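Novice: Below is the file my_file05.pdb, which contains PDB, C-alpha atoms.
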MODEL        1
ATOM      1  CA  MET A   1      37.475 -16.707  -9.750  1.00  0.00           C
ATOM      2  CA  PRO A   2      36.902 -17.788  -6.109  1.00  0.00           C
ATOM      3  CA  HIS A   3      39.696 -19.598  -4.279  1.00  0.00           C
ATOM      4  CA  THR A   4      39.231 -23.341  -3.958  1.00  0.00           C
ATOM      5  CA  GLY A   5      40.281 -25.346  -0.918  1.00  0.00           C
ATOM      6  CA  CYS A   6      43.327 -26.486  -2.852  1.00  0.00           C
ATOM      7  CA  ASP A   7      44.344 -22.882  -3.601  1.00  0.00           C
ATOM      8  CA  ALA A   8      44.006 -21.965   0.080  1.00  0.00           C
ATOM      9  CA  MET A   9      46.182 -24.905   1.032  1.00  0.00           C
ATOM     10  CA  HIS A  10      48.881 -23.820  -1.444  1.00  0.00           C
ATOM     11  CA  ASP A  11      48.736 -20.251  -0.081  1.00  0.00           C
ATOM     12  CA  GLU A  12      49.244 -21.555   3.454  1.00  0.00           C
ATOM     13  CA  GLN A  13      52.164 -23.706   2.311  1.00  0.00           C
ATOM     14  CA  ASP A  14      53.741 -20.677   0.613  1.00  0.00           C
ATOM     15  CA  ARG A  15      53.382 -18.602   3.785  1.00  0.00           C
ATOM     16  CA  THR A  16      54.888 -21.416   5.886  1.00  0.00           C
ATOM     17  CA  ALA A  17      57.810 -21.741   3.471  1.00  0.00           C
ATOM     18  CA  ALA A  18      58.388 -17.983   3.607  1.00  0.00           C
ATOM     19  CA  VAL A  19      58.455 -18.008   7.406  1.00  0.00           C
ATOM     20  CA  LYS A  20      60.932 -20.909   7.463  1.00  0.00           C
ATOM     21  CA  GLU A  21      63.143 -19.163   4.917  1.00  0.00           C
ATOM     22  CA  HIS A  22      63.162 -16.035   7.069  1.00  0.00           C
ATOM     23  CA  GLU A  23      64.067 -18.022  10.190  1.00  0.00           C
ATOM     24  CA  GLN A  24      66.891 -19.809   8.381  1.00  0.00           C
ATOM     25  CA  ALA A  25      68.230 -16.510   7.091  1.00  0.00           C
ATOM     26  CA  SER A  26      68.169 -15.082  10.617  1.00  0.00           C
ATOM     27  CA  ARG A  27      70.068 -18.057  12.018  1.00  0.00           C
ATOM     28  CA  ALA A  28      72.590 -17.811   9.198  1.00  0.00           C
ATOM     29  CA  LEU A  29      73.572 -14.279  10.192  1.00  0.00           C
ATOM     30  CA  SER A  30      77.194 -14.103  11.274  1.00  0.00           C
ATOM     31  CA  PRO A  31      77.967 -13.188  14.919  1.00  0.00           C
ATOM     32  CA  ALA A  32      79.298  -9.829  13.732  1.00  0.00           C
ATOM     33  CA  ARG A  33      76.033  -9.006  11.918  1.00  0.00           C
ATOM     34  CA  ARG A  34      73.947 -10.101  14.891  1.00  0.00           C
ATOM     35  CA  GLN A  35      76.129  -8.011  17.168  1.00  0.00           C
ATOM     36  CA  GLY A  36      75.722  -5.049  14.820  1.00  0.00           C
ATOM     37  CA  LYS A  37      71.959  -5.482  14.929  1.00  0.00           C
ATOM     38  CA  THR A  38      72.072  -5.560  18.722  1.00  0.00           C
ATOM     39  CA  GLY A  39      74.133  -2.385  18.757  1.00  0.00           C
ATOM     40  CA  THR A  40      71.650  -0.646  16.468  1.00  0.00           C
ATOM     41  CA  GLN A  41      68.730  -1.602  18.699  1.00  0.00           C
ATOM     42  CA  VAL A  42      70.470  -0.397  21.850  1.00  0.00           C
ATOM     43  CA  SER A  43      71.559   2.792  20.104  1.00  0.00           C
ATOM     44  CA  GLU A  44      67.996   3.625  19.121  1.00  0.00           C
ATOM     45  CA  VAL A  45      66.779   3.218  22.705  1.00  0.00           C
ATOM     46  CA  SER A  46      69.675   4.281  24.948  1.00  0.00           C
ATOM     47  CA  GLY A  47      72.189   6.124  22.780  1.00  0.00           C
ATOM     48  CA  LYS A  48      75.336   5.353  20.809  1.00  0.00           C
ATOM     49  CA  ALA A  49      77.710   5.352  23.813  1.00  0.00           C
ATOM     50  CA  ILE A  50      75.780   2.593  25.576  1.00  0.00           C
ATOM     51  CA  ALA A  51      75.536   0.667  22.299  1.00  0.00           C
ATOM     52  CA  ARG A  52      79.318   0.796  21.825  1.00  0.00           C
ATOM     53  CA  MET A  53      79.829  -0.357  25.409  1.00  0.00           C
ATOM     54  CA  VAL A  54      77.417  -3.271  24.937  1.00  0.00           C
ATOM     55  CA  GLU A  55      79.171  -4.343  21.754  1.00  0.00           C
ATOM     56  CA  ALA A  56      82.556  -4.118  23.507  1.00  0.00           C
ATOM     57  CA  PHE A  57      81.414  -6.373  26.350  1.00  0.00           C
ATOM     58  CA  MET A  58      79.921  -8.870  23.881  1.00  0.00           C
ATOM     59  CA  ARG A  59      83.402  -9.423  22.455  1.00  0.00           C
ATOM     60  CA  LEU A  60      84.381 -11.079  25.745  1.00  0.00           C
ATOM     61  CA  PRO A  61      83.956 -14.873  25.955  1.00  0.00           C
ATOM     62  CA  GLY A  62      80.802 -16.027  27.696  1.00  0.00           C
ATOM     63  CA  ILE A  63      79.155 -12.594  27.620  1.00  0.00           C
ATOM     64  CA  GLY A  64      75.837 -12.485  25.777  1.00  0.00           C
ATOM     65  CA  LYS A  65      73.543  -9.578  24.969  1.00  0.00           C
ATOM     66  CA  LYS A  66      71.737  -9.401  28.322  1.00  0.00           C
ATOM     67  CA  SER A  67      74.924  -9.721  30.364  1.00  0.00           C
ATOM     68  CA  ALA A  68      76.608  -7.082  28.220  1.00  0.00           C
ATOM     69  CA  GLU A  69      73.703  -4.710  28.735  1.00  0.00           C
ATOM     70  CA  ARG A  70      73.788  -5.223  32.514  1.00  0.00           C
ATOM     71  CA  LEU A  71      77.521  -4.556  32.587  1.00  0.00           C
ATOM     72  CA  ALA A  72      77.183  -1.454  30.428  1.00  0.00           C
ATOM     73  CA  PHE A  73      74.508   0.055  32.650  1.00  0.00           C
ATOM     74  CA  ALA A  74      76.536  -0.925  35.739  1.00  0.00           C
ATOM     75  CA  VAL A  75      79.462   1.068  34.382  1.00  0.00           C
ATOM     76  CA  LEU A  76      77.120   3.956  33.632  1.00  0.00           C
ATOM     77  CA  GLY A  77      76.021   3.953  37.279  1.00  0.00           C
ATOM     78  CA  MET A  78      79.603   4.222  38.558  1.00  0.00           C
ATOM     79  CA  THR A  79      81.340   7.423  39.502  1.00  0.00           C
ATOM     80  CA  ARG A  80      83.781   8.847  36.987  1.00  0.00           C
ATOM     81  CA  ASP A  81      86.729   7.770  39.165  1.00  0.00           C
ATOM     82  CA  GLU A  82      85.449   4.192  39.429  1.00  0.00           C
ATOM     83  CA  ALA A  83      84.976   3.947  35.657  1.00  0.00           C
ATOM     84  CA  ALA A  84      88.400   5.487  35.080  1.00  0.00           C
ATOM     85  CA  GLY A  85      89.911   2.924  37.457  1.00  0.00           C
ATOM     86  CA  ILE A  86      88.478   0.048  35.410  1.00  0.00           C
ATOM     87  CA  ALA A  87      89.698   1.597  32.169  1.00  0.00           C
ATOM     88  CA  GLN A  88      93.180   2.118  33.630  1.00  0.00           C
ATOM     89  CA  ALA A  89      93.290  -1.460  34.948  1.00  0.00           C
ATOM     90  CA  ILE A  90      92.576  -2.749  31.433  1.00  0.00           C
ATOM     91  CA  LEU A  91      95.341  -0.578  29.974  1.00  0.00           C
ATOM     92  CA  ASP A  92      97.792  -1.619  32.698  1.00  0.00           C
ATOM     93  CA  LEU A  93      96.996  -5.267  32.002  1.00  0.00           C
ATOM     94  CA  LYS A  94      97.771  -4.832  28.307  1.00  0.00           C
ATOM     95  CA  ASN A  95     100.819  -2.617  28.768  1.00  0.00           C
ATOM     96  CA  ASN A  96     102.583  -4.175  31.754  1.00  0.00           C
ATOM     97  CA  THR A  97     102.051  -7.931  31.508  1.00  0.00           C
ATOM     98  CA  ARG A  98     104.091 -10.387  29.492  1.00  0.00           C
ATOM     99  CA  TYR A  99     104.890 -14.084  29.258  1.00  0.00           C
ATOM    100  CA  CYS A 100     107.585 -15.481  31.526  1.00  0.00           C
ATOM    101  CA  SER A 101     110.700 -16.135  29.451  1.00  0.00           C
ATOM    102  CA  LEU A 102     111.043 -19.606  30.998  1.00  0.00           C
ATOM    103  CA  CYS A 103     107.578 -21.090  31.501  1.00  0.00           C
ATOM    104  CA  TYR A 104     105.274 -18.641  29.635  1.00  0.00           C
ATOM    105  CA  ASN A 105     103.183 -17.904  32.685  1.00  0.00           C
ATOM    106  CA  ILE A 106     101.697 -14.403  32.917  1.00  0.00           C
ATOM    107  CA  THR A 107     103.968 -11.986  34.766  1.00  0.00           C
ATOM    108  CA  GLU A 108     105.008  -8.362  34.971  1.00  0.00           C
ATOM    109  CA  ASP A 109     108.682  -9.314  35.189  1.00  0.00           C
ATOM    110  CA  GLU A 110     111.068 -11.124  32.882  1.00  0.00           C
ATOM    111  CA  ILE A 111     110.738 -14.285  35.001  1.00  0.00           C
ATOM    112  CA  CYS A 112     107.578 -15.118  36.946  1.00  0.00           C
ATOM    113  CA  GLY A 113     107.397 -15.583  40.705  1.00  0.00           C
ATOM    114  CA  ILE A 114     106.983 -19.356  40.455  1.00  0.00           C
ATOM    115  CA  CYS A 115     110.163 -19.765  38.438  1.00  0.00           C
ATOM    116  CA  ARG A 116     112.030 -17.492  40.871  1.00  0.00           C
ATOM    117  CA  ASP A 117     110.837 -19.391  43.952  1.00  0.00           C
ATOM    118  CA  VAL A 118     113.814 -21.471  45.123  1.00  0.00           C
ATOM    119  CA  LYS A 119     111.605 -23.391  47.573  1.00  0.00           C
ATOM    120  CA  ARG A 120     109.685 -25.115  44.790  1.00  0.00           C
ATOM    121  CA  ASP A 121     110.582 -28.579  43.492  1.00  0.00           C
ATOM    122  CA  SER A 122     112.753 -27.919  40.443  1.00  0.00           C
ATOM    123  CA  THR A 123     112.805 -31.598  39.406  1.00  0.00           C
ATOM    124  CA  ARG A 124     109.157 -31.693  38.249  1.00  0.00           C
ATOM    125  CA  ILE A 125     107.414 -29.691  35.538  1.00  0.00           C
ATOM    126  CA  CYS A 126     103.661 -29.617  35.000  1.00  0.00           C
ATOM    127  CA  VAL A 127     102.723 -28.846  31.396  1.00  0.00           C
ATOM    128  CA  VAL A 128      99.456 -26.969  30.770  1.00  0.00           C
ATOM    129  CA  GLU A 129      97.770 -25.465  27.739  1.00  0.00           C
ATOM    130  CA  GLU A 130      97.234 -21.913  28.989  1.00  0.00           C
ATOM    131  CA  PRO A 131      98.615 -19.707  31.801  1.00  0.00           C
ATOM    132  CA  SER A 132      95.111 -19.544  33.283  1.00  0.00           C
ATOM    133  CA  ASN A 133      95.406 -23.291  33.998  1.00  0.00           C
ATOM    134  CA  ILE A 134      98.360 -22.573  36.288  1.00  0.00           C
ATOM    135  CA  LEU A 135      96.170 -20.416  38.509  1.00  0.00           C
ATOM    136  CA  ILE A 136      93.645 -23.225  38.931  1.00  0.00           C
ATOM    137  CA  LEU A 137      96.329 -25.791  39.794  1.00  0.00           C
ATOM    138  CA  GLU A 138      97.956 -23.411  42.265  1.00  0.00           C
ATOM    139  CA  LYS A 139      94.659 -22.902  44.072  1.00  0.00           C
ATOM    140  CA  SER A 140      94.592 -26.616  44.875  1.00  0.00           C
ATOM    141  CA  GLY A 141      97.838 -26.229  46.831  1.00  0.00           C
ATOM    142  CA  THR A 142      98.845 -29.764  45.815  1.00  0.00           C
ATOM    143  CA  PHE A 143     101.605 -29.244  43.269  1.00  0.00           C
ATOM    144  CA  ARG A 144     104.780 -27.466  44.362  1.00  0.00           C
ATOM    145  CA  GLY A 145     106.914 -27.971  41.296  1.00  0.00           C
ATOM    146  CA  ARG A 146     107.285 -25.716  38.273  1.00  0.00           C
ATOM    147  CA  TYR A 147     105.116 -25.194  35.192  1.00  0.00           C
ATOM    148  CA  HIS A 148     105.285 -24.781  31.452  1.00  0.00           C
ATOM    149  CA  ALA A 149     102.432 -23.255  29.427  1.00  0.00           C
ATOM    150  CA  LEU A 150     102.202 -24.289  25.772  1.00  0.00           C
ATOM    151  CA  LEU A 151      99.922 -21.360  24.856  1.00  0.00           C
ATOM    152  CA  GLY A 152      97.526 -23.676  23.067  1.00  0.00           C
ATOM    153  CA  ALA A 153      97.036 -27.267  21.942  1.00  0.00           C
ATOM    154  CA  ILE A 154      97.666 -29.168  18.720  1.00  0.00           C
ATOM    155  CA  SER A 155      94.629 -28.838  16.457  1.00  0.00           C
ATOM    156  CA  PRO A 156      95.154 -29.594  12.754  1.00  0.00           C
ATOM    157  CA  LEU A 157      91.577 -28.562  11.928  1.00  0.00           C
ATOM    158  CA  ASP A 158      92.335 -25.100  13.307  1.00  0.00           C
ATOM    159  CA  GLY A 159      95.700 -24.961  11.601  1.00  0.00           C
ATOM    160  CA  ILE A 160      97.626 -25.248  14.884  1.00  0.00           C
ATOM    161  CA  GLY A 161     100.614 -27.564  14.748  1.00  0.00           C
ATOM    162  CA  PRO A 162     103.423 -28.368  17.218  1.00  0.00           C
ATOM    163  CA  GLU A 163     105.527 -25.563  15.756  1.00  0.00           C
ATOM    164  CA  ASP A 164     102.878 -23.037  16.858  1.00  0.00           C
ATOM    165  CA  LEU A 165     103.211 -24.024  20.533  1.00  0.00           C
ATOM    166  CA  LYS A 166     105.953 -23.409  23.095  1.00  0.00           C
ATOM    167  CA  ILE A 167     107.230 -26.967  22.840  1.00  0.00           C
ATOM    168  CA  ASP A 168     110.805 -26.044  21.867  1.00  0.00           C
ATOM    169  CA  GLY A 169     111.134 -24.025  25.062  1.00  0.00           C
ATOM    170  CA  LEU A 170     109.977 -27.029  27.081  1.00  0.00           C
ATOM    171  CA  LEU A 171     112.503 -29.338  25.419  1.00  0.00           C
ATOM    172  CA  GLU A 172     115.292 -26.837  26.098  1.00  0.00           C
ATOM    173  CA  ARG A 173     114.430 -26.888  29.792  1.00  0.00           C
ATOM    174  CA  LEU A 174     114.399 -30.687  29.828  1.00  0.00           C
ATOM    175  CA  ARG A 175     117.698 -31.041  27.994  1.00  0.00           C
ATOM    176  CA  ALA A 176     119.333 -28.663  30.462  1.00  0.00           C
ATOM    177  CA  GLY A 177     119.054 -31.459  33.020  1.00  0.00           C
ATOM    178  CA  GLY A 178     117.715 -31.797  36.541  1.00  0.00           C
ATOM    179  CA  ILE A 179     114.139 -32.736  35.536  1.00  0.00           C
ATOM    180  CA  THR A 180     112.980 -36.200  36.625  1.00  0.00           C
ATOM    181  CA  GLU A 181     109.241 -36.006  35.861  1.00  0.00           C
ATOM    182  CA  VAL A 182     106.959 -34.172  33.471  1.00  0.00           C
ATOM    183  CA  ILE A 183     103.277 -34.105  34.377  1.00  0.00           C
ATOM    184  CA  ILE A 184     101.091 -33.448  31.339  1.00  0.00           C
ATOM    185  CA  ALA A 185      97.975 -31.548  32.404  1.00  0.00           C
ATOM    186  CA  THR A 186      96.476 -30.644  29.055  1.00  0.00           C
ATOM    187  CA  ASN A 187      92.681 -30.614  28.860  1.00  0.00           C
ATOM    188  CA  PRO A 188      90.751 -33.914  28.518  1.00  0.00           C
ATOM    189  CA  THR A 189      89.662 -33.035  24.977  1.00  0.00           C
ATOM    190  CA  LEU A 190      90.645 -34.385  21.594  1.00  0.00           C
ATOM    191  CA  LYS A 191      93.123 -31.519  21.186  1.00  0.00           C
ATOM    192  CA  GLY A 192      94.478 -32.007  24.690  1.00  0.00           C
ATOM    193  CA  GLU A 193      94.900 -35.753  24.244  1.00  0.00           C
ATOM    194  CA  THR A 194      96.618 -35.290  20.887  1.00  0.00           C
ATOM    195  CA  THR A 195      99.023 -32.818  22.471  1.00  0.00           C
ATOM    196  CA  ALA A 196      99.692 -35.116  25.429  1.00  0.00           C
ATOM    197  CA  LEU A 197     100.545 -38.077  23.179  1.00  0.00           C
ATOM    198  CA  TYR A 198     102.810 -35.934  21.016  1.00  0.00           C
ATOM    199  CA  LEU A 199     104.697 -34.613  24.061  1.00  0.00           C
ATOM    200  CA  SER A 200     105.041 -38.087  25.531  1.00  0.00           C
ATOM    201  CA  LYS A 201     106.748 -39.365  22.392  1.00  0.00           C
ATOM    202  CA  LEU A 202     109.205 -36.458  22.516  1.00  0.00           C
ATOM    203  CA  ILE A 203     109.996 -36.602  26.219  1.00  0.00           C
ATOM    204  CA  LYS A 204     110.329 -40.327  26.973  1.00  0.00           C
ATOM    205  CA  PRO A 205     113.473 -40.795  24.803  1.00  0.00           C
ATOM    206  CA  LEU A 206     115.143 -38.187  27.060  1.00  0.00           C
ATOM    207  CA  GLY A 207     114.920 -40.635  29.963  1.00  0.00           C
ATOM    208  CA  ILE A 208     112.412 -38.518  31.870  1.00  0.00           C
ATOM    209  CA  ASN A 209     109.305 -39.980  33.483  1.00  0.00           C
ATOM    210  CA  VAL A 210     106.073 -38.775  31.859  1.00  0.00           C
ATOM    211  CA  SER A 211     102.733 -38.895  33.668  1.00  0.00           C
ATOM    212  CA  ARG A 212      99.228 -37.739  32.767  1.00  0.00           C
ATOM    213  CA  ILE A 213      96.808 -36.197  35.246  1.00  0.00           C
ATOM    214  CA  ALA A 214      93.890 -38.463  36.155  1.00  0.00           C
ATOM    215  CA  TYR A 215      90.339 -37.348  35.556  1.00  0.00           C
ATOM    216  CA  GLY A 216      86.935 -38.844  36.040  1.00  0.00           C
ATOM    217  CA  LEU A 217      84.045 -38.354  38.437  1.00  0.00           C
ATOM    218  CA  PRO A 218      83.866 -34.962  40.167  1.00  0.00           C
ATOM    219  CA  VAL A 219      83.846 -34.787  43.957  1.00  0.00           C
ATOM    220  CA  GLY A 220      80.240 -34.697  45.152  1.00  0.00           C
ATOM    221  CA  GLY A 221      78.900 -35.998  41.829  1.00  0.00           C
ATOM    222  CA  ASP A 222      76.687 -39.013  41.167  1.00  0.00           C
ATOM    223  CA  ILE A 223      77.825 -41.886  38.940  1.00  0.00           C
ATOM    224  CA  GLU A 224      74.370 -42.168  37.389  1.00  0.00           C
ATOM    225  CA  TYR A 225      74.746 -38.727  35.797  1.00  0.00           C
ATOM    226  CA  ALA A 226      78.218 -39.370  34.354  1.00  0.00           C
ATOM    227  CA  ASP A 227      78.783 -40.274  30.720  1.00  0.00           C
ATOM    228  CA  GLU A 228      80.509 -43.497  29.672  1.00  0.00           C
ATOM    229  CA  ASN A 229      83.841 -41.870  28.841  1.00  0.00           C
ATOM    230  CA  THR A 230      84.013 -40.175  32.238  1.00  0.00           C
ATOM    231  CA  VAL A 231      83.300 -43.429  34.074  1.00  0.00           C
ATOM    232  CA  GLN A 232      85.911 -45.212  31.952  1.00  0.00           C
ATOM    233  CA  ARG A 233      88.529 -42.587  32.832  1.00  0.00           C
ATOM    234  CA  ALA A 234      87.614 -42.809  36.505  1.00  0.00           C
ATOM    235  CA  LEU A 235      88.137 -46.577  36.494  1.00  0.00           C
ATOM    236  CA  GLU A 236      91.411 -46.346  34.603  1.00  0.00           C
ATOM    237  CA  GLY A 237      92.682 -43.720  37.047  1.00  0.00           C
ATOM    238  CA  ARG A 238      91.791 -45.678  40.182  1.00  0.00           C
ATOM    239  CA  ARG A 239      94.353 -45.951  42.985  1.00  0.00           C
ATOM    240  CA  GLU A 240      94.909 -48.216  45.977  1.00  0.00           C
ATOM    241  CA  MET A 241      93.339 -47.129  49.267  1.00  0.00           C
TER     242      MET A 241
ENDMDL
END
Output the file's structure in the form of structure tokens.

Specialist:
Amino acid sequence: MPHTGCDAMHDEQDRTAAVKEHEQASRALSPARRQGKTGTQVSEVSGKAIARMVEAFMRLPGIGKKSAERLAFAVLGMTRDEAAGIAQAILDLKNNTRYCSLCYNITEDEICGICRDVKRDSTRICVVEEPSNILILEKSGTFRGRYHALLGAISPLDGIGPEDLKIDGLLERLRAGGITEVIIATNPTLKGETTALYLSKLIKPLGINVSRIAYGLPVGGDIEYADENTVQRALEGRREM
């Protein structure tokens, strides 16, 4: 029996539905399965060693498939000594670094260089989420006090509570005396704000001043491109000229 126009329309709808189903299934693949597929493709073209290197680089944050491939081929183009130097640097990083026993900054010693520096202001502590934040603040050259890294932020949805952070260590330092101000420099996110409020409630009863870093419009930016929350923060954090 010949196909009618209605039958042809149904066939086209079925094909469209099948295509959509395939696309949805592809998007639903977990990152691990997509990464495995990438590794298989690279392996078929360039060999298993390159594929393993690409997959290793893709485990790093912010590194996608193309960047991982460029890095893998860059390593391949190095001399054996250069590649060995990178591999040894990674092993040294893992084997020789630790958290400072006082502030939880990254160090190769029991106590980091900032905590050992007697020239720094020991009456002020700047609290950050991660040790990497300390590096950024130090580059500004503005703050000359000491630090305390929490190694995270409070996030109930992720199962991270106050007991999972280095808050007890901070309170021990404050109760030891000599601290007049705590500057909370957690990130301007929901997790960072939650952490800042929690710390403020713990620290203020100790008779120590608590301040929060200001944030708003970036230097060189245009107000017209800023979102409402950023403009609000900029206004709230204004200062006298």

Novice: May I ask which of the residues A:Gln88, A:Thr123, A:Thr230, A:Asn96 is the closest one to Ala176 of chain A, counting all atoms listed in the file?

Specialist: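 Nearest to Ala176 of chain A: A:Thr123.
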
Novice: Let me know the residues the PyMOL selection byres ((chain A and resi 125) around 12) catches in the file above, as a VMD selection string.

Specialist: chain A and resid 102 to 103 114 to 115 120 to 124 126 to 128 134 143 to 149 170 to 171 173 to 174 178 to 185 203 208 to 212

Novice: Step by step, gather every atom of segment 209-218 of chain A that the file lists, find the box along x, y and z that holds them, add 5 Å on each side, and finally give centre and edge lengths in Å to one decimal, as AutoDock Vina command-line options.

Specialist:
--center_x 96.6 --center_y -37.5 --center_z 36.0 --size_x 35.4 --size_y 15.0 --size_z 18.3

Novice: Separation of atom CA of Thr189 of chain A and atom CA of Ala226 of chain A, in Å?

Specialist: 16.1 Å

Novice: Out of A:Asp222, A:Ile63, A:Ala234, A:Pro156, which residue has the shortest atom-to-atom distance to Leu190 of chain A when counting all atoms listed in the file?

Specialist: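 Selected residue with least distance to Leu190 of chain A: A:Pro156.
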
Novice: Once the PyMOL selection byres ((chain A and resi 65) around 10) is applied to the coordinates I shared, what remains selected? I want it as a PyMOL selection string.

Specialist: chain A and resi 35+38-39+54-55+57-58+63-64+66-71

Novice: As an exercise, work out the distance from atom CA of Lys48 of chain A to atom CA of Val75 of chain A in Å and give it to one decimal place.

Specialist: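 The value is 14.8 Å.
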
Novice: Dump C-alpha atoms of segment 114-154 of chain A from the given block, as a compact mmCIF listing (two decimals), in the first residue's frame.

Specialist:
# COMPACT_ATOMS: atom_id res chain seq x y z
CA ILE A 114 54.28 34.03 57.04
CA CYS A 115 53.68 32.69 60.53
CA ARG A 116 57.44 32.76 61.23
CA ASP A 117 57.85 36.35 60.04
CA VAL A 118 58.20 38.47 63.20
CA LYS A 119 57.85 41.68 61.17
CA ARG A 120 54.21 40.99 60.34
CA ASP A 121 51.31 42.41 62.36
CA SER A 122 50.41 39.64 64.80
CA THR A 123 47.27 41.44 66.03
CA ARG A 124 45.26 40.88 62.83
CA ILE A 125 44.22 37.64 61.15
CA CYS A 126 42.70 37.41 57.68
CA VAL A 127 40.50 34.34 57.26
CA VAL A 128 40.28 32.77 53.78
CA GLU A 129 38.71 29.64 52.35
CA GLU A 130 41.75 28.11 50.65
CA PRO A 131 45.55 28.52 50.84
CA SER A 132 45.52 29.67 47.21
CA ASN A 133 43.59 32.77 48.36
CA ILE A 134 46.56 33.75 50.54
CA LEU A 135 48.79 33.97 47.47
CA ILE A 136 46.38 36.36 45.76
CA LEU A 137 46.11 38.61 48.83
CA GLU A 138 49.88 38.65 49.27
CA LYS A 139 50.37 39.77 45.68
CA SER A 140 48.40 42.93 46.46
CA GLY A 141 51.01 43.89 49.06
CA THR A 142 48.30 45.55 51.15
CA PHE A 143 47.83 43.21 54.10
CA ARG A 144 50.77 42.58 56.42
CA GLY A 145 49.07 40.61 59.14
CA ARG A 146 48.67 36.86 59.45
CA TYR A 147 46.25 34.40 57.83
CA HIS A 148 44.08 31.42 58.58
CA ALA A 149 42.82 29.07 55.85
CA LEU A 150 39.60 27.17 56.59
CA LEU A 151 40.21 24.61 53.82
CA GLY A 152 36.69 25.06 52.51
CA ALA A 153 33.38 26.77 53.22
CA ILE A 154 30.15 25.74 54.93
